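These notes are about the structure you will find just below.
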Amino acid sequence: MEQKITKNADGTLNVPDMPVIPFIEGDGTGPDIWRAAKRVMDSAVERAYSGKRKISWLAVPAGEKAWRETGEWLSDKTLDTLREYVVSIKGPLTTPVGSGIRSLNVTIRQKLDLYACVRPVKYIEAVPNPMKHPEKVDMVVFRENTEDLYAGIEWEAGTPEVRQVISFLKEKMGVEVAEDSGIGIKPMSEKNSKRLAARAISYAIEHCLPTVTLMHKGNIMKFTEGAFAKWGYAVAKEKFGGKTITEKELSDTYNGVRPEGKVVIKDRIADMLFQQVLLRPEEFHVIATPNLNGDYLSDALAAQVGGLGMAPGANIGDDCAVFEATHGTAPKYAGLDKVNPGSLILSGAMMFDYMGWKEAAGLIRNAVAAAVKSGTVTYDLARQIQGAKEVKCSEFAEAVIERM
Ligand code: NAP
């Protein structure tokens, strides 16, 4: 019988054999990649559990179709459904222009308090990429999702509001800002920074990964970015004291040899980290980062293994999680059954991992890797792989299913 996934007080999930999972198919190419990804996910579950488990998909409206049918881009009912059913998945959504909504994705993350944007970055053999050793890239980025410059607090140059802020800064805070400035505010709180870092550390512990790196620009922004690193170290001690050591302790106390079972917590200034993930990627496993750094870093890392077309992602909070394709709606290809569904398919594998359906997740990952390795790929990869067989979006899904 179909049932809801529920959450226990300790954060673990109760996943029935026939869970109801809400989905938003998305705009533009969303319906194409959704159809392909759904087939792959259903087949993986069928093959992994021989019919004992099955997903009952629940369509929820959002985006252009919802706007046309109901006059609302993203209703409270949709948000309530995503919250109520705990685990859901979505395709890309158009950012409505001139509607007063900044971005549906940002709204979903903020309204559902999905504070961690989780992006695993791992090389899939044969995907064209710019690195000499792409196989050394194997990291998971935990990006804070709710604050920082994304809080959306800014005032345009020349407006009465910005003049008020500038005079407040001058008169009350003794700070001079050029009169013709626009101003944005960068709030970063202890609570939100700590819960993000805690989630990253707990992931590293659960998956026996050796390091967590706190990425920040604290040399310049001491009380926001610098505080992020400070709070990250603090939460590692407070919550995971027995299971973590700092990089300093590693060299001072342990002579550089990591004790079995301990996660090393280190921090890196953002610009230096961009160099190091290129030059020495094998030294990084989990990266915890504030919102803006994380935005840049996740896409840059995705490029190191061949781009966003195959990069999965999830937005996770304490109450619920929404898995999603990391690219946009690619509207010029809408309805052509052309684009790469890999990002959404692999987000489905991530979702199965999160639900504890590891066998289905493994089947998907291996089959995607096998399809790409055989050179059966969509246009975006085919144009870069000599001798590749270009297939449609739906045909790529078939190629994946055949290889399960
Ligand atoms: P985009 O939709 O990601 O598309 C940019 C380019 O990336 C495409 O023209 C295509 O490149 C390539 N691409 C994207 N998805 C692909 C796929 N599945 N397979 C193969 N190639 C793919 O970015 P955009 O044009 O900047 O944004 C369009 C809309 O999407 C905007 O409304 C934006 O706000 C929204 N958006 C939504 C999300 C989200 O829902 N999470 C994220 C980003 C953007 P080629 O032209 O080279 O083939």
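Identifiers in this document derive from the order of the structure tokens: chains are assigned A, B, ..., residues are numbered from 1 separately in each chain, and ligands are numbered from 1 in order of occurrence.
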
Point to revise | Test item: residues at most 7 Å from Val60 in chain A, only C-alpha atoms, excluding those fewer than 3 positions along its chain, as a ChimeraX atom specification | key: /A:22-24,78

The selected residues should be written to file as an mmCIF file, in the first residue's frame (atoms: C-alpha atoms).
data_model
loop_
_atom_site.group_PDB
_atom_site.id
_atom_site.type_symbol
_atom_site.label_atom_id
_atom_site.label_comp_id
_atom_site.auth_asym_id
_atom_site.auth_seq_id
_atom_site.Cartn_x
_atom_site.Cartn_y
_atom_site.Cartn_z
ATOM 1 C CA PRO A 22 6.183 14.174 -5.072
ATOM 2 C CA PHE A 23 7.819 15.419 -8.261
ATOM 3 C CA ILE A 24 7.933 18.707 -10.160
ATOM 4 C CA THR A 78 2.933 22.733 -3.407
#

Determine, using only C-alpha atoms and all ligand atoms, which residues of chain A have any atom at most 9 Å from an atom of ligand 1, and tabulate each with its shortest atom pair and distance in Å to one decimal place, rows ordered by chain and then rising number, as JSON lines.
{"residue": "A:Gly26", "atom": "CA", "partner": "ligand 1", "partner_atom_place_in_ligand_line": "40 (O)", "distance": 7.5}
{"residue": "A:Asp27", "atom": "CA", "partner": "ligand 1", "partner_atom_place_in_ligand_line": "30 (O)", "distance": 8.1}
{"residue": "A:Gly28", "atom": "CA", "partner": "ligand 1", "partner_atom_place_in_ligand_line": "29 (C)", "distance": 7.8}
{"residue": "A:Thr29", "atom": "CA", "partner": "ligand 1", "partner_atom_place_in_ligand_line": "18 (N)", "distance": 7.4}
{"residue": "A:Gly30", "atom": "CA", "partner": "ligand 1", "partner_atom_place_in_ligand_line": "18 (N)", "distance": 8.5}
{"residue": "A:Ile33", "atom": "CA", "partner": "ligand 1", "partner_atom_place_in_ligand_line": "18 (N)", "distance": 7.1}
{"residue": "A:Lys90", "atom": "CA", "partner": "ligand 1", "partner_atom_place_in_ligand_line": "40 (O)", "distance": 8.0}
{"residue": "A:Gly91", "atom": "CA", "partner": "ligand 1", "partner_atom_place_in_ligand_line": "40 (O)", "distance": 6.4}
{"residue": "A:Pro92", "atom": "CA", "partner": "ligand 1", "partner_atom_place_in_ligand_line": "40 (O)", "distance": 3.2}
{"residue": "A:Leu93", "atom": "CA", "partner": "ligand 1", "partner_atom_place_in_ligand_line": "40 (O)", "distance": 4.0}
{"residue": "A:Thr94", "atom": "CA", "partner": "ligand 1", "partner_atom_place_in_ligand_line": "32 (O)", "distance": 3.6}
{"residue": "A:Thr95", "atom": "CA", "partner": "ligand 1", "partner_atom_place_in_ligand_line": "34 (O)", "distance": 4.1}
{"residue": "A:Pro96", "atom": "CA", "partner": "ligand 1", "partner_atom_place_in_ligand_line": "32 (O)", "distance": 6.8}
{"residue": "A:Val97", "atom": "CA", "partner": "ligand 1", "partner_atom_place_in_ligand_line": "32 (O)", "distance": 8.2}
{"residue": "A:Ser103", "atom": "CA", "partner": "ligand 1", "partner_atom_place_in_ligand_line": "34 (O)", "distance": 6.8}
{"residue": "A:Leu104", "atom": "CA", "partner": "ligand 1", "partner_atom_place_in_ligand_line": "40 (O)", "distance": 7.6}
{"residue": "A:Asn105", "atom": "CA", "partner": "ligand 1", "partner_atom_place_in_ligand_line": "40 (O)", "distance": 5.8}
{"residue": "A:Val106", "atom": "CA", "partner": "ligand 1", "partner_atom_place_in_ligand_line": "41 (N)", "distance": 8.7}
{"residue": "A:Gly307", "atom": "CA", "partner": "ligand 1", "partner_atom_place_in_ligand_line": "21 (N)", "distance": 9.0}
{"residue": "A:Leu308", "atom": "CA", "partner": "ligand 1", "partner_atom_place_in_ligand_line": "15 (N)", "distance": 7.2}
{"residue": "A:Gly309", "atom": "CA", "partner": "ligand 1", "partner_atom_place_in_ligand_line": "17 (C)", "distance": 4.8}
{"residue": "A:Met310", "atom": "CA", "partner": "ligand 1", "partner_atom_place_in_ligand_line": "18 (N)", "distance": 7.8}
{"residue": "A:Glu324", "atom": "CA", "partner": "ligand 1", "partner_atom_place_in_ligand_line": "41 (N)", "distance": 6.8}
{"residue": "A:Ala325", "atom": "CA", "partner": "ligand 1", "partner_atom_place_in_ligand_line": "41 (N)", "distance": 6.2}
{"residue": "A:Thr326", "atom": "CA", "partner": "ligand 1", "partner_atom_place_in_ligand_line": "41 (N)", "distance": 5.2}
{"residue": "A:His327", "atom": "CA", "partner": "ligand 1", "partner_atom_place_in_ligand_line": "3 (O)", "distance": 4.0}
{"residue": "A:Gly328", "atom": "CA", "partner": "ligand 1", "partner_atom_place_in_ligand_line": "2 (O)", "distance": 3.1}
{"residue": "A:Thr329", "atom": "CA", "partner": "ligand 1", "partner_atom_place_in_ligand_line": "2 (O)", "distance": 3.9}
{"residue": "A:Ala330", "atom": "CA", "partner": "ligand 1", "partner_atom_place_in_ligand_line": "2 (O)", "distance": 3.3}
{"residue": "A:Pro331", "atom": "CA", "partner": "ligand 1", "partner_atom_place_in_ligand_line": "28 (C)", "distance": 6.2}
{"residue": "A:Lys332", "atom": "CA", "partner": "ligand 1", "partner_atom_place_in_ligand_line": "9 (O)", "distance": 6.9}
{"residue": "A:Tyr333", "atom": "CA", "partner": "ligand 1", "partner_atom_place_in_ligand_line": "9 (O)", "distance": 7.8}
{"residue": "A:Lys338", "atom": "CA", "partner": "ligand 1", "partner_atom_place_in_ligand_line": "19 (N)", "distance": 7.6}
{"residue": "A:Val339", "atom": "CA", "partner": "ligand 1", "partner_atom_place_in_ligand_line": "19 (N)", "distance": 4.0}
{"residue": "A:Asn340", "atom": "CA", "partner": "ligand 1", "partner_atom_place_in_ligand_line": "19 (N)", "distance": 3.7}
{"residue": "A:Pro341", "atom": "CA", "partner": "ligand 1", "partner_atom_place_in_ligand_line": "18 (N)", "distance": 5.4}
{"residue": "A:Gly342", "atom": "CA", "partner": "ligand 1", "partner_atom_place_in_ligand_line": "18 (N)", "distance": 7.1}
{"residue": "A:Ser343", "atom": "CA", "partner": "ligand 1", "partner_atom_place_in_ligand_line": "18 (N)", "distance": 6.8}
{"residue": "A:Leu344", "atom": "CA", "partner": "ligand 1", "partner_atom_place_in_ligand_line": "18 (N)", "distance": 8.2}
{"residue": "A:Thr378", "atom": "CA", "partner": "ligand 1", "partner_atom_place_in_ligand_line": "20 (C)", "distance": 7.4}
{"residue": "A:Tyr379", "atom": "CA", "partner": "ligand 1", "partner_atom_place_in_ligand_line": "20 (C)", "distance": 7.2}
{"residue": "A:Asp380", "atom": "CA", "partner": "ligand 1", "partner_atom_place_in_ligand_line": "20 (C)", "distance": 5.1}
{"residue": "A:Leu381", "atom": "CA", "partner": "ligand 1", "partner_atom_place_in_ligand_line": "20 (C)", "distance": 7.9}
{"residue": "A:Cys393", "atom": "CA", "partner": "ligand 1", "partner_atom_place_in_ligand_line": "19 (N)", "distance": 8.6}

Selection to disk with C-alpha atoms, as an mmCIF file, in the first residue's frame:
data_model
loop_
_atom_site.group_PDB
_atom_site.id
_atom_site.type_symbol
_atom_site.label_atom_id
_atom_site.label_comp_id
_atom_site.auth_asym_id
_atom_site.auth_seq_id
_atom_site.Cartn_x
_atom_site.Cartn_y
_atom_site.Cartn_z
ATOM 1 C CA GLY A 26 9.956 21.476 -14.407
ATOM 2 C CA ASP A 27 9.907 23.936 -17.299
ATOM 3 C CA GLY A 28 11.584 24.015 -20.717
ATOM 4 C CA THR A 29 13.386 20.713 -21.159
ATOM 5 C CA GLY A 30 12.145 19.631 -17.695
ATOM 6 C CA ILE A 33 14.407 14.859 -18.751
ATOM 7 C CA LYS A 90 12.326 18.261 -9.310
ATOM 8 C CA GLY A 91 13.420 19.283 -12.769
ATOM 9 C CA PRO A 92 14.620 22.824 -13.522
ATOM 10 C CA LEU A 93 12.245 25.767 -13.148
ATOM 11 C CA THR A 94 12.182 29.022 -15.090
ATOM 12 C CA THR A 95 12.957 32.124 -13.100
ATOM 13 C CA PRO A 96 9.867 34.285 -13.707
ATOM 14 C CA VAL A 97 10.856 37.701 -15.042
ATOM 15 C CA SER A 103 13.822 32.571 -8.303
ATOM 16 C CA LEU A 104 11.488 29.647 -7.673
ATOM 17 C CA ASN A 105 14.453 27.511 -6.668
ATOM 18 C CA VAL A 106 15.679 30.016 -4.103
ATOM 19 C CA GLY A 307 30.212 19.966 -16.758
ATOM 20 C CA LEU A 308 26.741 20.378 -15.335
ATOM 21 C CA GLY A 309 24.978 18.012 -17.747
ATOM 22 C CA MET A 310 25.798 15.036 -15.501
ATOM 23 C CA GLU A 324 17.156 18.269 -8.418
ATOM 24 C CA ALA A 325 18.933 18.629 -11.728
ATOM 25 C CA THR A 326 21.666 21.224 -11.315
ATOM 26 C CA HIS A 327 21.338 22.834 -14.746
ATOM 27 C CA GLY A 328 18.590 25.187 -15.909
ATOM 28 C CA THR A 329 15.628 24.718 -18.250
ATOM 29 C CA ALA A 330 17.638 25.031 -21.520
ATOM 30 C CA PRO A 331 14.456 26.425 -23.148
ATOM 31 C CA LYS A 332 15.742 26.381 -26.737
ATOM 32 C CA TYR A 333 15.693 22.576 -26.645
ATOM 33 C CA LYS A 338 17.369 16.113 -27.045
ATOM 34 C CA VAL A 339 19.121 17.181 -23.845
ATOM 35 C CA ASN A 340 21.081 15.059 -21.420
ATOM 36 C CA PRO A 341 18.904 13.651 -18.608
ATOM 37 C CA GLY A 342 22.038 12.526 -16.689
ATOM 38 C CA SER A 343 21.868 15.198 -14.006
ATOM 39 C CA LEU A 344 18.294 14.338 -13.008
ATOM 40 C CA THR A 378 23.281 12.814 -25.908
ATOM 41 C CA TYR A 379 24.369 15.686 -28.202
ATOM 42 C CA ASP A 380 26.268 17.616 -25.519
ATOM 43 C CA LEU A 381 28.718 14.785 -24.922
ATOM 44 C CA CYS A 393 17.186 12.065 -24.306
#

Exercise for review: as number ranges by chain, list the residues of range 17-238 of chain A assigned to helix (DSSP H, G or I) by DSSP on the backbone atoms of this structure.
Suggested key: A: 30-49, 64-70, 76-84, 104-111, 134-136, 148-151, 160-173, 190-206, 222-238

**Study point:** Which of range 58-297 of chain A DSSP labels strand (DSSP E), written as a PyMOL selection string
**Key:** chain A and resi 58-59+87-90+116-122+138-144+154-155+183-184+211-216+244-246+263-269+286-289

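One finds CA of Thr159 in chain A at 21.7 Å from CA of Pro187 in chain A.
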
Practice item. Using only C-alpha atoms, determine which residues lie at most 8 Å from range 351-362 of chain A, disregarding the query and same-chain residues fewer than 3 positions distant; provide the list as a list of chain:residue names. Key: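 So, after excluding close chain neighbours, the residues are A:Leu13, A:Val15, A:Met41, A:Ala44, A:Val45, A:Arg47, A:Ala48, A:Val87, A:Ile89, A:Ala314, A:Phe323, A:Ser347, A:Gly348, A:Arg365, A:Asn366.
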
Practice item. Counting only C-alpha atoms, figure out which residue out of A:Lys392, A:Ser167, A:Pro134, A:Asn192 gets nearest to Asp113 in chain A. Key: A:Asn192

Mind checking which residues fall within 7 Å of Thr246 in chain A, counting only C-alpha atoms, ignoring those fewer than 6 positions away in the same chain, and posting them as a tab-separated table (two decimals) with N, CA and C atoms, in the first residue's frame?
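Final output, saved to result_25.tsv:
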chain	number	residue	atom	x	y	z
A	264	VAL	N	39.57	14.80	9.78
A	264	VAL	CA	40.39	16.00	9.97
A	264	VAL	C	39.59	17.22	9.49
A	265	ILE	N	39.46	18.22	10.37
A	265	ILE	CA	38.77	19.46	9.99
A	265	ILE	C	39.84	20.49	9.64
A	266	LYS	N	39.75	21.02	8.41
A	266	LYS	CA	40.72	22.05	8.02
A	266	LYS	C	39.96	23.21	7.39

Review point. Counting only C-alpha atoms, what is within 7 Å of Ala229 in chain A, bar same-chain residues fewer than 3 positions away, as a list in words?
Key: Leu214, His216, Glu225, Gly226, Gly232, Tyr233 and Asp267 of chain A

Kindly save the residues from that selection, with all heavy atoms included, as a JSON list (two decimals), in the first residue's frame.
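Wrote it out as out_13.json, contents follow:
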[["chain", "number", "residue", "atom", "x", "y", "z"],
["A", 214, "LEU", "N", 36.61, 23.67, 5.56],
["A", 214, "LEU", "CA", 35.74, 24.84, 5.71],
["A", 214, "LEU", "C", 36.27, 25.91, 4.76],
["A", 214, "LEU", "O", 37.39, 26.39, 4.92],
["A", 214, "LEU", "CB", 35.76, 25.33, 7.15],
["A", 214, "LEU", "CG", 35.40, 24.27, 8.21],
["A", 214, "LEU", "CD1", 35.87, 24.71, 9.60],
["A", 214, "LEU", "CD2", 33.90, 24.01, 8.20],
["A", 216, "HIS", "N", 36.28, 29.61, 3.08],
["A", 216, "HIS", "CA", 35.85, 30.94, 3.52],
["A", 216, "HIS", "C", 36.78, 32.02, 2.97],
["A", 216, "HIS", "O", 37.86, 31.71, 2.45],
["A", 216, "HIS", "CB", 35.85, 31.01, 5.05],
["A", 216, "HIS", "CG", 37.23, 30.83, 5.61],
["A", 216, "HIS", "ND1", 38.05, 31.88, 5.93],
["A", 216, "HIS", "CD2", 37.96, 29.71, 5.87],
["A", 216, "HIS", "CE1", 39.21, 31.43, 6.38],
["A", 216, "HIS", "NE2", 39.18, 30.10, 6.33],
["A", 225, "GLU", "N", 32.56, 35.60, 6.81],
["A", 225, "GLU", "CA", 33.28, 34.42, 6.30],
["A", 225, "GLU", "C", 34.24, 33.85, 7.35],
["A", 225, "GLU", "O", 34.35, 32.63, 7.52],
["A", 225, "GLU", "CB", 34.06, 34.82, 5.05],
["A", 225, "GLU", "CG", 33.19, 35.34, 3.92],
["A", 225, "GLU", "CD", 32.83, 34.29, 2.92],
["A", 225, "GLU", "OE1", 33.62, 33.37, 2.72],
["A", 225, "GLU", "OE2", 31.73, 34.39, 2.33],
["A", 226, "GLY", "N", 34.93, 34.76, 8.05],
["A", 226, "GLY", "CA", 35.86, 34.30, 9.10],
["A", 226, "GLY", "C", 35.10, 33.58, 10.20],
["A", 226, "GLY", "O", 35.52, 32.54, 10.70],
["A", 232, "GLY", "N", 32.48, 26.62, 12.34],
["A", 232, "GLY", "CA", 32.65, 25.25, 11.84],
["A", 232, "GLY", "C", 33.55, 24.44, 12.77],
["A", 232, "GLY", "O", 33.24, 23.31, 13.15],
["A", 233, "TYR", "N", 34.68, 25.05, 13.15],
["A", 233, "TYR", "CA", 35.58, 24.37, 14.10],
["A", 233, "TYR", "C", 34.86, 24.13, 15.43],
["A", 233, "TYR", "O", 35.00, 23.07, 16.05],
["A", 233, "TYR", "CB", 36.83, 25.20, 14.34],
["A", 233, "TYR", "CG", 37.87, 25.09, 13.23],
["A", 233, "TYR", "CD1", 38.24, 26.19, 12.47],
["A", 233, "TYR", "CD2", 38.50, 23.87, 12.97],
["A", 233, "TYR", "CE1", 39.20, 26.09, 11.47],
["A", 233, "TYR", "CE2", 39.45, 23.76, 11.97],
["A", 233, "TYR", "CZ", 39.80, 24.87, 11.21],
["A", 233, "TYR", "OH", 40.75, 24.76, 10.23],
["A", 267, "ASP", "N", 40.63, 24.33, 7.19],
["A", 267, "ASP", "CA", 39.97, 25.43, 6.50],
["A", 267, "ASP", "C", 40.89, 25.97, 5.42],
["A", 267, "ASP", "O", 42.11, 25.84, 5.53],
["A", 267, "ASP", "CB", 39.53, 26.53, 7.48],
["A", 267, "ASP", "CG", 40.71, 27.32, 8.02],
["A", 267, "ASP", "OD1", 41.39, 26.83, 8.94],
["A", 267, "ASP", "OD2", 40.98, 28.43, 7.51]]

Practice item. Write out as a PyMOL selection string which residues come within 12 Å of Gln110 in chain A when counting only C-alpha atoms, dropping same-chain ones fewer than 4 positions away. Key: chain A and resi 79+102-106+114-117+144-147+150-152+315-317

Give me a file of those residues, with N, CA, C and O atoms, as a PDB file, in the first residue's frame.
ATOM      1  N   LEU A  79       4.306  23.789  -1.715  1.00  0.00           N
ATOM      2  CA  LEU A  79       5.353  23.780  -0.681  1.00  0.00           C
ATOM      3  C   LEU A  79       4.963  22.864   0.475  1.00  0.00           C
ATOM      4  O   LEU A  79       5.787  22.090   0.976  1.00  0.00           O
ATOM      5  N   ARG A 102      12.143  36.226  -7.071  1.00  0.00           N
ATOM      6  CA  ARG A 102      13.521  36.272  -7.570  1.00  0.00           C
ATOM      7  C   ARG A 102      13.872  34.978  -8.292  1.00  0.00           C
ATOM      8  O   ARG A 102      14.426  34.962  -9.362  1.00  0.00           O
ATOM      9  N   SER A 103      13.568  33.859  -7.667  1.00  0.00           N
ATOM     10  CA  SER A 103      13.822  32.571  -8.303  1.00  0.00           C
ATOM     11  C   SER A 103      12.989  31.542  -7.559  1.00  0.00           C
ATOM     12  O   SER A 103      12.939  31.536  -6.331  1.00  0.00           O
ATOM     13  N   LEU A 104      12.319  30.667  -8.328  1.00  0.00           N
ATOM     14  CA  LEU A 104      11.488  29.647  -7.673  1.00  0.00           C
ATOM     15  C   LEU A 104      12.363  28.705  -6.856  1.00  0.00           C
ATOM     16  O   LEU A 104      11.972  28.242  -5.792  1.00  0.00           O
ATOM     17  N   ASN A 105      13.563  28.432  -7.382  1.00  0.00           N
ATOM     18  CA  ASN A 105      14.453  27.511  -6.668  1.00  0.00           C
ATOM     19  C   ASN A 105      14.890  28.086  -5.334  1.00  0.00           C
ATOM     20  O   ASN A 105      14.890  27.406  -4.314  1.00  0.00           O
ATOM     21  N   VAL A 106      15.265  29.381  -5.357  1.00  0.00           N
ATOM     22  CA  VAL A 106      15.679  30.016  -4.103  1.00  0.00           C
ATOM     23  C   VAL A 106      14.485  30.048  -3.146  1.00  0.00           C
ATOM     24  O   VAL A 106      14.621  29.788  -1.947  1.00  0.00           O
ATOM     25  N   LEU A 114      15.621  24.457   3.420  1.00  0.00           N
ATOM     26  CA  LEU A 114      16.533  23.408   2.914  1.00  0.00           C
ATOM     27  C   LEU A 114      17.937  24.007   2.950  1.00  0.00           C
ATOM     28  O   LEU A 114      18.423  24.551   1.974  1.00  0.00           O
ATOM     29  N   TYR A 115      18.558  23.938   4.102  1.00  0.00           N
ATOM     30  CA  TYR A 115      19.732  24.781   4.332  1.00  0.00           C
ATOM     31  C   TYR A 115      21.022  24.230   3.733  1.00  0.00           C
ATOM     32  O   TYR A 115      22.012  24.941   3.666  1.00  0.00           O
ATOM     33  N   ALA A 116      21.032  22.974   3.310  1.00  0.00           N
ATOM     34  CA  ALA A 116      22.261  22.433   2.719  1.00  0.00           C
ATOM     35  C   ALA A 116      22.041  22.064   1.258  1.00  0.00           C
ATOM     36  O   ALA A 116      21.187  21.247   0.934  1.00  0.00           O
ATOM     37  N   CYS A 117      22.801  22.718   0.367  1.00  0.00           N
ATOM     38  CA  CYS A 117      22.780  22.319  -1.040  1.00  0.00           C
ATOM     39  C   CYS A 117      23.935  21.336  -1.210  1.00  0.00           C
ATOM     40  O   CYS A 117      25.099  21.704  -1.049  1.00  0.00           O
ATOM     41  N   GLU A 144      25.896  26.311   2.079  1.00  0.00           N
ATOM     42  CA  GLU A 144      24.815  26.911   2.874  1.00  0.00           C
ATOM     43  C   GLU A 144      23.828  27.549   1.901  1.00  0.00           C
ATOM     44  O   GLU A 144      24.216  28.217   0.958  1.00  0.00           O
ATOM     45  N   ASN A 145      22.555  27.364   2.177  1.00  0.00           N
ATOM     46  CA  ASN A 145      21.551  27.644   1.151  1.00  0.00           C
ATOM     47  C   ASN A 145      20.586  28.773   1.498  1.00  0.00           C
ATOM     48  O   ASN A 145      19.713  29.078   0.717  1.00  0.00           O
ATOM     49  N   THR A 146      20.701  29.346   2.696  1.00  0.00           N
ATOM     50  CA  THR A 146      19.604  30.230   3.123  1.00  0.00           C
ATOM     51  C   THR A 146      20.009  31.667   3.372  1.00  0.00           C
ATOM     52  O   THR A 146      19.158  32.530   3.508  1.00  0.00           O
ATOM     53  N   GLU A 147      21.314  31.941   3.514  1.00  0.00           N
ATOM     54  CA  GLU A 147      21.657  33.327   3.857  1.00  0.00           C
ATOM     55  C   GLU A 147      22.838  33.825   3.034  1.00  0.00           C
ATOM     56  O   GLU A 147      22.904  33.562   1.849  1.00  0.00           O
ATOM     57  N   TYR A 150      22.735  35.836  -0.680  1.00  0.00           N
ATOM     58  CA  TYR A 150      21.488  35.328  -1.253  1.00  0.00           C
ATOM     59  C   TYR A 150      20.260  35.673  -0.426  1.00  0.00           C
ATOM     60  O   TYR A 150      19.139  35.360  -0.815  1.00  0.00           O
ATOM     61  N   ALA A 151      20.464  36.298   0.741  1.00  0.00           N
ATOM     62  CA  ALA A 151      19.313  36.721   1.538  1.00  0.00           C
ATOM     63  C   ALA A 151      18.510  37.764   0.756  1.00  0.00           C
ATOM     64  O   ALA A 151      17.353  38.044   1.076  1.00  0.00           O
ATOM     65  N   GLY A 152      19.116  38.350  -0.269  1.00  0.00           N
ATOM     66  CA  GLY A 152      18.367  39.261  -1.148  1.00  0.00           C
ATOM     67  C   GLY A 152      18.126  40.623  -0.522  1.00  0.00           C
ATOM     68  O   GLY A 152      17.163  41.301  -0.870  1.00  0.00           O
ATOM     69  N   ASN A 315      18.833  19.513  -2.173  1.00  0.00           N
ATOM     70  CA  ASN A 315      18.688  20.551  -1.159  1.00  0.00           C
ATOM     71  C   ASN A 315      18.072  19.883   0.049  1.00  0.00           C
ATOM     72  O   ASN A 315      16.963  19.352  -0.028  1.00  0.00           O
ATOM     73  N   ILE A 316      18.813  19.924   1.161  1.00  0.00           N
ATOM     74  CA  ILE A 316      18.398  19.126   2.314  1.00  0.00           C
ATOM     75  C   ILE A 316      18.237  20.000   3.556  1.00  0.00           C
ATOM     76  O   ILE A 316      19.079  20.859   3.834  1.00  0.00           O
ATOM     77  N   GLY A 317      17.124  19.791   4.270  1.00  0.00           N
ATOM     78  CA  GLY A 317      16.908  20.494   5.540  1.00  0.00           C
ATOM     79  C   GLY A 317      16.604  19.486   6.629  1.00  0.00           C
ATOM     80  O   GLY A 317      16.701  18.280   6.416  1.00  0.00           O
TER      81      GLY A 317
END

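Look at range 277-280 of chain A: the protein and nucleic acid residues within 10 Å of it, using only C-alpha atoms and passing over chain neighbours fewer than 5 places away, are Met131, His133, Pro134, Lys136, Val137, Met139, Met272, Leu297, Ala300, Leu301 and Gln304 of chain A.
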
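When only C-alpha atoms are used to measure the gap to Val322 in chain A, the shortest distance among A:Met350, A:Leu149, A:Glu283, A:Lys170 belongs to A:Met350.
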
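From CA of Phe223 in chain A back to CA of Glu171 in chain A, the distance works out to 21.7 Å.
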